[in-house]
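Visitor: Pasting input-v4.pdb below, which is PDB, C-alpha atoms and all ligand atoms.
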```
ATOM      1  CA  MET O 145     -13.070  -0.687  22.936
ATOM      2  CA  PHE O 146     -15.620  -1.583  20.266
ATOM      3  CA  ALA O 147     -15.022  -5.319  20.504
ATOM      4  CA  GLY O 148     -18.601  -5.876  21.651
ATOM      5  CA  ILE O 149     -20.012  -4.394  18.468
ATOM      6  CA  PRO O 150     -20.139  -7.154  15.863
ATOM      7  CA  LEU O 151     -20.437  -4.652  13.002
ATOM      8  CA  LEU O 152     -16.781  -3.738  13.246
ATOM      9  CA  PRO O 153     -13.976  -6.238  12.733
ATOM     10  CA  GLU O 154     -11.437  -6.809  15.468
ATOM     11  CA  GLN O 155      -8.849  -4.071  15.947
ATOM     12  CA  ALA O 156      -5.444  -5.648  15.439
ATOM     13  CA  SER O 157      -3.127  -2.864  14.296
ATOM     14  CA  THR O 158      -1.702   0.295  15.814
ATOM     15  CA  LEU O 159      -3.895   2.481  13.600
ATOM     16  CA  ALA O 160      -7.161   0.529  13.836
ATOM     17  CA  ALA O 161      -8.448   2.464  16.864
ATOM     18  CA  ASP O 162      -7.728   5.828  15.175
ATOM     19  CA  VAL O 163      -9.621   4.810  12.039
ATOM     20  CA  ASP O 164     -12.583   3.560  14.101
ATOM     21  CA  ALA O 165     -12.702   6.696  16.258
ATOM     22  CA  LEU O 166     -12.872   8.901  13.166
ATOM     23  CA  TYR O 167     -15.464   6.646  11.565
ATOM     24  CA  LEU O 168     -17.663   6.630  14.653
ATOM     25  CA  PHE O 169     -17.332  10.419  15.021
ATOM     26  CA  ILE O 170     -18.628  10.910  11.469
ATOM     27  CA  VAL O 171     -21.432   8.422  12.083
ATOM     28  CA  ALA O 172     -22.327  10.230  15.336
ATOM     29  CA  VAL O 173     -22.402  13.695  13.696
ATOM     30  CA  THR O 174     -24.479  12.375  10.798
ATOM     31  CA  ALA O 175     -26.854  10.518  13.115
ATOM     32  CA  PHE O 176     -27.246  13.565  15.382
ATOM     33  CA  PHE O 177     -28.307  15.874  12.555
ATOM     34  CA  GLY O 178     -30.339  13.148  10.859
ATOM     35  CA  ILE O 179     -32.322  12.489  14.028
ATOM     36  CA  LEU O 180     -32.599  16.208  14.843
ATOM     37  CA  THR O 181     -34.038  16.984  11.404
ATOM     38  CA  THR O 182     -36.485  14.068  11.560
ATOM     39  CA  VAL O 183     -37.709  15.028  15.021
ATOM     40  CA  VAL O 184     -38.149  18.686  14.067
ATOM     41  CA  VAL O 185     -40.026  17.794  10.863
ATOM     42  CA  ILE O 186     -42.405  15.490  12.764
ATOM     43  CA  TYR O 187     -42.855  18.055  15.562
ATOM     44  CA  PHE O 188     -43.768  20.910  13.198
ATOM     45  CA  ALA O 189     -45.945  18.649  11.063
ATOM     46  CA  ALA O 190     -47.979  17.860  14.171
ATOM     47  CA  LYS O 191     -47.915  21.388  15.610
ATOM     48  CA  TYR O 192     -49.072  23.212  12.463
ATOM     49  CA  ARG O 193     -51.406  20.529  11.217
ATOM     50  CA  THR O 194     -54.737  21.860   9.934
ATOM     51  CA  ASP O 195     -57.836  20.421   8.299
ATOM     52  CA  ASP O 196     -58.590  23.648   6.419
ATOM     53  CA  PRO O 197     -57.438  23.113   2.788
ATOM     54  CA  LEU O 198     -57.647  26.849   1.989
ATOM     55  CA  LYS O 199     -55.457  28.061   4.833
ATOM     56  CA  VAL O 200     -52.183  29.711   3.673
ATOM     57  CA  GLY O 201     -49.037  29.891   5.831
ATOM     58  CA  ALA O 202     -47.367  33.145   6.898
ATOM     59  CA  ARG O 203     -44.749  34.509   4.502
ATOM     60  CA  ILE O 204     -41.095  34.244   5.556
ATOM     61  CA  HIS O 205     -38.578  36.843   4.299
ATOM     62  CA  GLY O 206     -35.401  35.121   5.433
ATOM     63  CA  SER O 207     -33.174  35.527   8.464
ATOM     64  CA  ILE O 208     -29.511  36.516   8.236
ATOM     65  CA  PRO O 209     -28.531  35.106  11.665
ATOM     66  CA  LEU O 210     -30.243  31.806  10.844
ATOM     67  CA  GLU O 211     -28.540  31.544   7.453
ATOM     68  CA  LEU O 212     -25.158  32.355   8.976
ATOM     69  CA  ALA O 213     -25.680  29.757  11.690
ATOM     70  CA  TRP O 214     -26.578  26.930   9.335
ATOM     71  CA  SER O 215     -23.637  27.801   7.082
ATOM     72  CA  ILE O 216     -20.920  28.346   9.672
ATOM     73  CA  ILE O 217     -21.717  25.465  12.043
ATOM     74  CA  PRO O 218     -21.588  22.731   9.360
ATOM     75  CA  PHE O 219     -18.481  24.409   7.895
ATOM     76  CA  LEU O 220     -16.660  24.193  11.224
ATOM     77  CA  ILE O 221     -17.759  20.589  11.747
ATOM     78  CA  THR O 222     -16.489  19.583   8.292
ATOM     79  CA  LEU O 223     -13.203  21.367   9.002
ATOM     80  CA  VAL O 224     -12.779  19.250  12.129
ATOM     81  CA  ILE O 225     -13.471  16.102  10.083
ATOM     82  CA  PHE O 226     -11.023  17.280   7.396
ATOM     83  CA  ALA O 227      -8.178  17.933   9.840
ATOM     84  CA  TRP O 228      -8.785  14.708  11.746
ATOM     85  CA  ALA O 229      -9.119  12.592   8.594
ATOM     86  CA  SER O 230      -5.969  14.127   7.084
ATOM     87  CA  SER O 231      -3.998  13.197  10.160
ATOM     88  CA  VAL O 232      -5.247   9.591  10.042
ATOM     89  CA  PHE O 233      -4.686   9.477   6.273
ATOM     90  CA  PHE O 234      -1.056  10.566   6.582
ATOM     91  CA  ASP O 235      -0.464   7.999   9.303
ATOM     92  CA  LEU O 236      -1.892   5.301   7.023
ATOM     93  CA  GLN O 237       0.077   6.470   3.987
ATOM     94  CA  ARG O 238       3.490   6.996   5.559
ATOM     95  CA  PRO O 239       5.186   3.875   6.841
ATOM     96  CA  PRO O 240       7.830   4.311   9.543
ATOM     97  CA  ASP O 241      11.473   4.255   8.421
ATOM     98  CA  GLN O 242      12.220   0.747   9.622
ATOM     99  CA  THR O 243       9.752  -1.687   8.112
ATOM    100  CA  LEU O 244       9.770  -5.342   7.302
ATOM    101  CA  GLU O 245       9.361  -5.370   3.535
ATOM    102  CA  ILE O 246       7.251  -7.854   1.641
ATOM    103  CA  TYR O 247       6.408  -7.923  -2.062
ATOM    104  CA  ALA O 248       3.120  -9.179  -3.432
ATOM    105  CA  THR O 249       1.289  -9.622  -6.699
ATOM    106  CA  GLY O 250      -2.424  -9.930  -7.215
ATOM    107  CA  LYS O 251      -3.806 -11.931 -10.083
ATOM    108  CA  ARG O 252      -7.062 -13.665 -10.872
ATOM    109  CA  TRP O 253      -7.657 -15.045  -8.332
ATOM    110  CA  MET O 254      -4.933 -15.144  -5.768
ATOM    111  CA  TRP O 255      -2.469 -13.103  -3.779
ATOM    112  CA  LYS O 256       1.138 -14.171  -3.947
ATOM    113  CA  PHE O 257       3.569 -12.888  -1.331
ATOM    114  CA  GLN O 258       7.364 -12.854  -1.615
ATOM    115  CA  HIS O 259       9.507 -12.421   1.473
ATOM    116  CA  LEU O 260      12.975 -10.930   1.211
ATOM    117  CA  ASP O 261      14.540 -14.142   2.509
ATOM    118  CA  GLY O 262      13.068 -15.979  -0.471
ATOM    119  CA  GLN O 263       9.921 -17.518   1.011
ATOM    120  CA  ASN O 264       6.826 -17.457  -1.150
ATOM    121  CA  GLU O 265       3.264 -17.980  -0.068
ATOM    122  CA  ILE O 266      -0.114 -17.834  -1.749
ATOM    123  CA  ASN O 267      -3.202 -16.393  -0.043
ATOM    124  CA  GLU O 268      -1.334 -16.519   3.256
ATOM    125  CA  LEU O 269       0.880 -13.948   4.827
ATOM    126  CA  HIS O 270       2.996 -14.582   7.902
ATOM    127  CA  VAL O 271       4.141 -11.515   9.813
ATOM    128  CA  PRO O 272       5.603 -10.880  13.261
ATOM    129  CA  VAL O 273       3.592  -9.056  15.918
ATOM    130  CA  GLY O 274       4.644  -5.552  17.000
ATOM    131  CA  ARG O 275       6.727  -4.753  13.963
ATOM    132  CA  PRO O 276       5.802  -2.405  11.101
ATOM    133  CA  VAL O 277       5.305  -4.326   7.867
ATOM    134  CA  LYS O 278       5.181  -2.737   4.435
ATOM    135  CA  VAL O 279       3.690  -4.678   1.548
ATOM    136  CA  THR O 280       4.580  -3.407  -1.925
ATOM    137  CA  PHE O 281       2.422  -4.876  -4.640
ATOM    138  CA  THR O 282       1.003  -4.687  -8.125
ATOM    139  CA  SER O 283      -1.444  -6.623 -10.263
ATOM    140  CA  GLU O 284      -0.652  -8.915 -13.153
ATOM    141  CA  ASP O 285      -4.025  -8.523 -14.836
ATOM    142  CA  VAL O 286      -6.971  -6.414 -13.663
ATOM    143  CA  ILE O 287      -7.479  -4.085 -10.717
ATOM    144  CA  HIS O 288      -7.631  -5.867  -7.375
ATOM    145  CA  SER O 289      -7.569  -4.338  -3.924
ATOM    146  CA  MET O 290      -5.597  -5.640  -0.959
ATOM    147  CA  TYR O 291      -7.690  -5.259   2.153
ATOM    148  CA  PHE O 292      -6.830  -6.141   5.756
ATOM    149  CA  PRO O 293     -10.014  -5.360   7.715
ATOM    150  CA  ALA O 294      -8.487  -5.999  11.151
ATOM    151  CA  PHE O 295      -5.623  -3.622  10.345
ATOM    152  CA  ARG O 296      -7.982  -1.048   8.766
ATOM    153  CA  THR O 297      -5.839  -0.695   5.710
ATOM    154  CA  LYS O 298      -6.507  -1.200   2.031
ATOM    155  CA  ALA O 299      -5.025  -0.208  -1.331
ATOM    156  CA  ASP O 300      -5.793  -1.017  -4.937
ATOM    157  CA  ALA O 301      -3.476  -3.328  -6.864
ATOM    158  CA  ILE O 302      -3.220  -1.618 -10.234
ATOM    159  CA  PRO O 303      -1.555  -3.198 -13.282
ATOM    160  CA  GLY O 304       1.579  -1.283 -14.217
ATOM    161  CA  ARG O 305       1.993   0.472 -10.909
ATOM    162  CA  TYR O 306       3.287  -0.231  -7.416
ATOM    163  CA  SER O 307       1.003   0.323  -4.456
ATOM    164  CA  SER O 308       1.777  -0.262  -0.823
ATOM    165  CA  VAL O 309       0.109  -0.683   2.527
ATOM    166  CA  TRP O 310       1.741  -0.791   5.906
ATOM    167  CA  PHE O 311       0.576  -1.954   9.313
ATOM    168  CA  SER O 312       1.949  -2.944  12.659
ATOM    169  CA  ALA O 313      -0.030  -5.845  14.080
ATOM    170  CA  THR O 314      -0.762  -5.608  17.782
ATOM    171  CA  LYS O 315      -2.142  -9.086  18.451
ATOM    172  CA  VAL O 316      -1.068 -12.609  17.624
ATOM    173  CA  GLY O 317      -3.752 -14.402  15.644
ATOM    174  CA  GLU O 318      -5.263 -15.021  12.238
ATOM    175  CA  TYR O 319      -7.000 -12.286  10.314
ATOM    176  CA  HIS O 320      -8.805 -11.909   7.021
ATOM    177  CA  LEU O 321      -7.229 -10.834   3.790
ATOM    178  CA  PHE O 322      -9.693  -9.840   1.102
ATOM    179  CA  CYS O 323      -9.739  -8.645  -2.455
ATOM    180  CA  ALA O 324     -11.914  -5.547  -2.216
ATOM    181  CA  GLU O 325     -12.308  -4.738  -5.908
ATOM    182  CA  TYR O 326     -14.594  -6.753  -8.150
ATOM    183  CA  CYS O 327     -12.216  -8.599 -10.485
ATOM    184  CA  GLY O 328     -14.259 -11.315 -12.165
ATOM    185  CA  THR O 329     -15.949 -14.658 -11.569
ATOM    186  CA  ASN O 330     -13.961 -15.757  -8.543
ATOM    187  CA  HIS O 331     -13.528 -12.353  -6.918
ATOM    188  CA  SER O 332     -15.347 -13.604  -3.845
ATOM    189  CA  GLY O 333     -12.865 -16.465  -3.598
ATOM    190  CA  MET O 334      -9.828 -14.192  -3.719
ATOM    191  CA  VAL O 335      -9.420 -14.312   0.022
ATOM    192  CA  GLY O 336      -6.672 -15.334   2.344
ATOM    193  CA  ARG O 337      -5.410 -15.015   5.855
ATOM    194  CA  VAL O 338      -2.737 -13.114   7.676
ATOM    195  CA  VAL O 339      -0.997 -15.061  10.408
ATOM    196  CA  VAL O 340       0.428 -12.751  13.059
ATOM    197  CA  MET O 341       3.102 -14.596  15.039
ATOM    198  CA  GLU O 342       5.375 -14.019  17.995
ATOM    199  CA  PRO O 343       8.771 -12.830  16.706
ATOM    200  CA  THR O 344      10.514 -16.078  17.676
ATOM    201  CA  ALA O 345       7.818 -18.197  16.033
ATOM    202  CA  TYR O 346       8.066 -15.969  12.986
ATOM    203  CA  GLU O 347      11.841 -16.487  12.763
ATOM    204  CA  MET O 348      11.271 -20.230  12.990
ATOM    205  CA  TRP O 349       8.678 -20.038  10.261
ATOM    206  CA  LEU O 350      11.112 -18.084   8.068
ATOM    207  CA  THR O 351      13.947 -20.587   8.466
ATOM    208  CA  GLY O 352      11.570 -23.500   7.938
ATOM    209  CA  ASN O 353      10.375 -22.210   4.580
ATOM    210  CA  VAL O 354      13.561 -21.268   2.772
ATOM    211  CA  SER O 355      13.397 -21.893  -0.936
ATOM    212  CA  GLY O 356      16.345 -21.187  -3.181
ATOM    213  CA  GLY O 357      18.043 -18.137  -1.739
ATOM    214  CA  SER O 358      16.831 -14.670  -0.908
ATOM    215  CA  LEU O 359      14.756 -12.507  -3.189
ATOM    216  CA  ALA O 360      17.816 -10.352  -3.915
ATOM    217  CA  GLN O 361      19.830 -13.452  -4.822
ATOM    218  CA  ARG O 362      17.080 -14.537  -7.195
ATOM    219  CA  GLY O 363      17.189 -11.045  -8.673
ATOM    220  CA  GLU O 364      20.944 -11.327  -9.036
ATOM    221  CA  ARG O 365      20.588 -14.591 -10.975
ATOM    222  CA  LEU O 366      17.982 -12.987 -13.223
ATOM    223  CA  PHE O 367      20.282 -10.007 -13.672
ATOM    224  CA  SER O 368      22.854 -12.262 -15.329
ATOM    225  CA  ASP O 369      20.349 -14.634 -16.996
ATOM    226  CA  LEU O 370      18.789 -11.652 -18.773
ATOM    227  CA  ALA O 371      22.270 -10.297 -19.541
ATOM    228  CA  CYS O 372      21.605  -7.040 -17.703
ATOM    229  CA  ASN O 373      25.150  -7.337 -16.357
ATOM    230  CA  THR O 374      26.684  -7.007 -19.825
ATOM    231  CA  CYS O 375      25.682  -3.328 -19.988
ATOM    232  CA  HIS O 376      25.199  -2.294 -16.367
ATOM    233  CA  LEU O 377      28.820  -2.687 -15.318
ATOM    234  CA  SER O 378      29.356  -1.633 -11.743
ATOM    235  CA  ASP O 379      32.441   0.437 -12.596
ATOM    236  CA  GLY O 380      30.265   2.783 -14.674
ATOM    237  CA  ARG O 381      32.052   2.047 -17.967
ATOM    238  CA  GLY O 382      29.239  -0.017 -19.437
ATOM    239  CA  ARG O 383      26.692   0.998 -22.041
ATOM    240  CA  GLY O 384      24.185   1.386 -19.233
ATOM    241  CA  PRO O 385      24.634   3.217 -15.935
ATOM    242  CA  SER O 386      26.137   1.399 -12.985
ATOM    243  CA  LEU O 387      23.518   0.387 -10.442
ATOM    244  CA  ALA O 388      25.821   0.305  -7.427
ATOM    245  CA  ARG O 389      24.735   2.578  -4.587
ATOM    246  CA  LYS O 390      21.977   4.072  -6.757
ATOM    247  CA  PHE O 391      18.806   2.975  -4.987
ATOM    248  CA  GLY O 392      17.466   5.720  -2.739
ATOM    249  CA  ALA O 393      19.577   8.354  -4.506
ATOM    250  CA  SER O 394      18.494  10.435  -7.465
ATOM    251  CA  GLU O 395      19.599  10.479 -11.085
ATOM    252  CA  LYS O 396      19.799  13.232 -13.698
ATOM    253  CA  LEU O 397      17.856  12.467 -16.865
ATOM    254  CA  THR O 398      18.385  13.407 -20.511
ATOM    255  CA  SER O 399      15.293  15.573 -20.178
ATOM    256  CA  GLY O 400      17.176  17.731 -17.667
ATOM    257  CA  THR O 401      15.013  16.734 -14.734
ATOM    258  CA  THR O 402      16.040  14.470 -11.900
ATOM    259  CA  VAL O 403      14.265  11.390 -10.690
ATOM    260  CA  ALA O 404      14.304   9.686  -7.305
ATOM    261  CA  ILE O 405      15.407   6.074  -7.673
ATOM    262  CA  ASP O 406      12.728   4.066  -5.945
ATOM    263  CA  GLU O 407      10.874   0.813  -6.612
ATOM    264  CA  ALA O 408       8.586   2.433  -9.180
ATOM    265  CA  TYR O 409      11.485   3.972 -11.139
ATOM    266  CA  VAL O 410      13.448   0.706 -11.264
ATOM    267  CA  ARG O 411      10.359  -1.169 -12.396
ATOM    268  CA  GLU O 412       9.599   1.399 -15.090
ATOM    269  CA  SER O 413      13.204   1.307 -16.305
ATOM    270  CA  ILE O 414      13.034  -2.467 -16.738
ATOM    271  CA  LEU O 415       9.716  -2.445 -18.587
ATOM    272  CA  MET O 416       9.939   0.928 -20.353
ATOM    273  CA  PRO O 417      13.660   1.759 -20.464
ATOM    274  CA  GLN O 418      13.205   4.785 -22.712
ATOM    275  CA  ALA O 419      10.687   6.518 -20.430
ATOM    276  CA  LYS O 420      13.255   8.171 -18.159
ATOM    277  CA  LEU O 421      16.686   7.887 -19.690
ATOM    278  CA  VAL O 422      19.701   8.667 -17.521
ATOM    279  CA  ASP O 423      21.702  11.653 -18.752
ATOM    280  CA  GLY O 424      24.736  10.665 -20.822
ATOM    281  CA  TYR O 425      23.391   7.296 -22.005
ATOM    282  CA  GLN O 426      21.943   6.174 -25.322
ATOM    283  CA  PRO O 427      18.450   4.654 -25.628
ATOM    284  CA  LEU O 428      19.881   1.193 -26.294
ATOM    285  CA  MET O 429      18.152  -0.925 -23.686
ATOM    286  CA  PRO O 430      15.390  -3.200 -24.987
ATOM    287  CA  THR O 431      12.128  -3.446 -23.127
ATOM    288  CA  PHE O 432      11.556  -6.430 -20.877
ATOM    289  CA  GLN O 433       7.810  -6.014 -20.988
ATOM    290  CA  GLY O 434       6.262  -9.447 -21.434
ATOM    291  CA  LEU O 435       9.606 -11.170 -20.831
ATOM    292  CA  VAL O 436       9.773 -10.737 -17.076
ATOM    293  CA  SER O 437       6.847 -11.469 -14.776
ATOM    294  CA  GLU O 438       5.920  -8.955 -12.116
ATOM    295  CA  GLU O 439       7.299 -11.358  -9.508
ATOM    296  CA  ASN O 440      10.660 -11.410 -11.258
ATOM    297  CA  VAL O 441      10.608  -7.639 -11.675
ATOM    298  CA  MET O 442      10.250  -7.462  -7.890
ATOM    299  CA  ALA O 443      13.255  -9.760  -7.486
ATOM    300  CA  LEU O 444      15.266  -7.486  -9.798
ATOM    301  CA  VAL O 445      14.099  -4.402  -7.882
ATOM    302  CA  GLU O 446      15.185  -6.051  -4.655
ATOM    303  CA  TYR O 447      18.576  -6.880  -6.175
ATOM    304  CA  VAL O 448      19.091  -3.264  -7.271
ATOM    305  CA  LYS O 449      18.025  -2.237  -3.779
ATOM    306  CA  SER O 450      20.608  -4.573  -2.254
ATOM    307  CA  LEU O 451      23.339  -2.848  -4.287
ATOM    308  CA  ARG O 452      22.840   0.399  -2.433
ATOM    309  CA  THR O 453      25.024  -0.850   0.392
ATOM    310  CA  GLN O 454      27.610  -2.422  -1.897
ATOM    311  CA  ASP O 455      30.980  -1.093  -0.739
ATOM    312  CA  THR O 456      33.145  -2.190  -3.613
ATOM    313  CA  ALA O 457      32.480  -1.654  -7.275
ATOM    314  CA  VAL O 458      33.166  -5.298  -8.079
ATOM    315  CA  SER O 459      30.733  -6.469 -10.683
ATOM    316  CA  ARG O 460      29.029  -9.706  -9.793
ATOM    317  CA  ALA O 461      29.273 -10.641 -13.447
ATOM    318  CA  GLU O 462      33.019 -10.284 -13.486
ATOM    319  CA  ALA O 463      33.387 -12.264 -10.303
ATOM    320  CA  PRO O 464      30.745 -14.982 -10.473
ATOM    321  CA  GLU O 465      32.684 -17.241  -8.140
ATOM    322  CA  GLU O 466      32.319 -14.664  -5.381
ATOM    323  CA  PRO O 467      30.343 -16.294  -2.561
ATOM    324  CA  ALA O 468      26.847 -14.955  -2.187
ATOM    325  CA  LYS O 469      26.580 -12.205   0.369
ATOM    326  CA  PRO O 470      24.915 -13.349   3.562
ATOM    327  CA  THR O 471      21.297 -12.388   3.608
ATOM    328  CA  ALA O 472      20.941  -9.048   5.290
ATOM    329  CA  PRO O 473      18.194  -8.742   7.867
ATOM    330  CA  GLN O 474      14.961  -7.957   6.093
ATOM    331  CA  GLU O 475      14.872  -4.398   7.290
ATOM    332  CA  ASN O 476      14.421  -1.433   5.011
ATOM    333  CA  ARG O 477      18.107  -0.760   4.776
TER     334      ARG O 477
HETATM  335 CU1  LIG U 501      -9.228  -9.643  -7.054
HETATM  336 CU2  LIG U 501     -11.489  -9.001  -6.590
END
```
I need this file expressed as structure tokens, please.
Ligand code: CUA
Guide:
Amino acid sequence: MFAGIPLLPEQASTLAADVDALYLFIVAVTAFFGILTTVVVIYFAAKYRTDDPLKVGARIHGSIPLELAWSIIPFLITLVIFAWASSVFFDLQRPPDQTLEIYATGKRWMWKFQHLDGQNEINELHVPVGRPVKVTFTSEDVIHSMYFPAFRTKADAIPGRYSSVWFSATKVGEYHLFCAEYCGTNHSGMVGRVVVMEPTAYEMWLTGNVSGGSLAQRGERLFSDLACNTCHLSDGRGRGPSLARKFGASEKLTSGTTVAIDEAYVRESILMPQAKLVDGYQPLMPTFQGLVSEENVMALVEYVKSLRTQDTAVSRAEAPEEPAKPTAPQENR
């Protein structure tokens, strides 16, 4: 629709047209009143121009209808913008239930992406066309911002916190990926590209780039390398709570409150185990802050996530010879 206007990037996601329509509406309203005011000022300046320096204008004592009009009309216009923008905002913030999940970390000066099947890429992101993709990410140093202009979506990468963006690409092609937060000397070089592929080409790309098992399998290896499995026994008799079938559920804490077990909670529990202690357990777990990189934390999070569909309470630690589970499809299970 706006492809002929070079000021706007290409629209390549399901929400891009909505964002542009809202943006252009606000520009149109602003331009209309800006031009109206300018024209009226020039018109009156010309109409009431006088060369007599001593001439005084007529006194004005206010006008209730006029004041009401210039208060109520802008109020109604801003309400329209508020309602419209809220609707677009919620669409941008809430990914659909079934998304292809990808993890990413930003650091000076690169973006690193981790696919659930185990593929890693730097400053490049391969995604299939026509499928909602959710990227969960954080920063390893300073604040960065992941920006996909063609998808009209952007979110800050903040150290110590998970952010996410989602999009569903509508066109095969290559699009920009930018860092949109000044992060130091090479900020301008912290760019990359998103490659939107046909689903079959994407599957081929996935199988052609396998590297050492899925993300969850890497997390599982870390889980035993870091000896997490010595306390988090899956039968619940360990010194730490069992993690089987926990992700997506909620847990009662020693503070009496409950917490939803999501990516952010798992991450916090690895790095700051005492922050939200599960009811009935002692504060024994050491912090893994500084010992596990954000990328490895994501692998551990993905492993805990994979346990939510675990049918048996067999601990992987107790049965290390158990063949690795086949990689589940990279849906949000
Ligand atoms: Cu990273 Cu700017």
Visitor: Report, as AutoDock Vina command-line options, the axis-aligned box around all atoms of range 312-316 of chain O present in the file, extended by 8 Å on each side; give centre and edge lengths in Å to one decimal place.
Guide:
```
--center_x -0.1 --center_y -7.8 --center_z 15.6 --size_x 20.1 --size_y 25.7 --size_z 21.8
```
Visitor: Taking the file above as input, evaluate the PyMOL selection byres (((not hetatm)) within 10 of (chain U and resi 501)) and report the hits as a ChimeraX atom specification.
Guide: /O:250-255,283,285-290,300-301,322-335
Visitor: For Gly363 in chain O, which of O:Leu451, O:Ala160, O:Leu152, O:Ile302 is the closest residue, counting all atoms listed in the file?
Guide: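 Once distances to Gly363 in chain O are computed over all atoms listed in the file, the minimum belongs to O:Leu451.
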Visitor: My list of candidates is O:Tyr425, O:Tyr291, O:Phe367, O:Tyr409. Which is closest to Gly392 in chain O when distances are computed with only C-alpha atoms?
Guide: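 Looking at the shortest contact to Gly392 in chain O, the residue is O:Tyr409.
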Visitor: Would you compute the distance between CA of His376 in chain O and CA of Leu359 in chain O? Give it in Å to one decimal.
Guide: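 Computed distance, CA of His376 in chain O to CA of Leu359 in chain O, equals 19.7 Å.
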Visitor: Which of these residues is nearest to Phe234 in chain O, using only C-alpha atoms: O:Ala443, O:Val163, O:Leu377, O:Leu387?
Guide: O:Val163
Visitor: Within 9 Å of His259 in chain O, counting only C-alpha atoms, which residues show up once you throw out same-chain ones fewer than 3 positions away? Write them as a list in words, please.
Guide: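 Contacts, with the query itself left out: Glu245, Ile246, Tyr247, Ala248, Gly262, Gln263, Asn264, Glu265, Leu350, Ser358, Leu359 and Gln474 of chain O.
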Visitor: What would the file look like if the residues just selected were written as a PDB file, keeping the file's coordinate frame with C-alpha atoms?
Guide:
```pdb
ATOM      1  CA  GLU O 245       9.361  -5.370   3.535  1.00  0.00           C
ATOM      2  CA  ILE O 246       7.251  -7.854   1.641  1.00  0.00           C
ATOM      3  CA  TYR O 247       6.408  -7.923  -2.062  1.00  0.00           C
ATOM      4  CA  ALA O 248       3.120  -9.179  -3.432  1.00  0.00           C
ATOM      5  CA  GLY O 262      13.068 -15.979  -0.471  1.00  0.00           C
ATOM      6  CA  GLN O 263       9.921 -17.518   1.011  1.00  0.00           C
ATOM      7  CA  ASN O 264       6.826 -17.457  -1.150  1.00  0.00           C
ATOM      8  CA  GLU O 265       3.264 -17.980  -0.068  1.00  0.00           C
ATOM      9  CA  LEU O 350      11.112 -18.084   8.068  1.00  0.00           C
ATOM     10  CA  SER O 358      16.831 -14.670  -0.908  1.00  0.00           C
ATOM     11  CA  LEU O 359      14.756 -12.507  -3.189  1.00  0.00           C
ATOM     12  CA  GLN O 474      14.961  -7.957   6.093  1.00  0.00           C
TER      13      GLN O 474
END
```
Visitor: As a check of understanding, name the residues that the PyMOL selection byres (((chain O and resi 415) around 8) and not hetatm) selects in the supplied structure, as a ChimeraX atom specification.
Guide: /O:411-414,416-417,431-433
Visitor: Using all atoms listed in the file and a cutoff of 10 Å, can you tell me which residues are near (-4.3, 4.3, 14.1) in the file's coordinates, and write them out as a list of chain:residue names?
Guide: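 Within 10 Å of (-4.3, 4.3, 14.1), the protein and nucleic acid residues are O:Gln155, O:Ser157, O:Thr158, O:Leu159, O:Ala160, O:Ala161, O:Asp162, O:Val163, O:Asp164, O:Ala165, O:Leu166, O:Ser231, O:Val232, O:Phe233, O:Asp235, O:Leu236, O:Phe295, O:Arg296, O:Thr297, O:Phe311, O:Ser312.
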Visitor: Smallest atom-to-atom distance to Pro240 in chain O: which of O:Lys256, O:Arg275, O:Ser207, O:Arg337, using all atoms listed in the file?
Guide: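 Comparing O:Lys256, O:Arg275, O:Ser207, O:Arg337 against Pro240 in chain O, the winner is O:Arg275.
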Visitor: Quick one: residues within 10 Å of Glu342 in chain O, only C-alpha atoms counted, chain neighbours fewer than 5 positions away excluded, as a list of chain:residue names?
Guide: O:Val271, O:Pro272, O:Val273, O:Gly274, O:Lys315, O:Val316, O:Gly317, O:Glu347, O:Met348
Visitor: CA of Val338 in chain O and CA of Glu439 in chain O are how many Å apart?
Guide: 20.0 Å
Visitor: Figure out the distance between CA of Met429 in chain O and CA of Glu446 in chain O, please, to one decimal in Å.
Guide: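 Spanning CA of Glu446 in chain O to CA of Met429 in chain O is a straight-line distance of 19.9 Å.
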Visitor: Suppose a student applies the PyMOL selection byres (((chain O and resi 452) around 10) and not hetatm) to this structure; what residues should they get, written as a list in words?
Guide: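 With the PyMOL selection byres (((chain O and resi 452) around 10) and not hetatm) on this model, the match is Leu387, Ala388, Arg389, Lys390, Phe391, Gly392, Ala393, Tyr447, Val448, Lys449, Ser450, Leu451, Thr453, Gln454, Asp455 and Arg477 of chain O.
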Visitor: Go through O:Leu421, O:Gly384, O:Tyr346, O:Thr249 one by one, measure the shortest atom-to-atom distance of each to Ser437 in chain O using all atoms listed in the file, and give the residue with the smallest value.
Guide: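 Smallest distance to Ser437 in chain O is found for O:Thr249.
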Visitor: Identify which of the residues O:Leu212, O:Ala404, O:Val445, O:Ala202 lies closest to Leu366 in chain O, counting only C-alpha atoms when measuring atom-to-atom distances.
Guide: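 For Leu366 in chain O, the nearest of the given residues is O:Val445.
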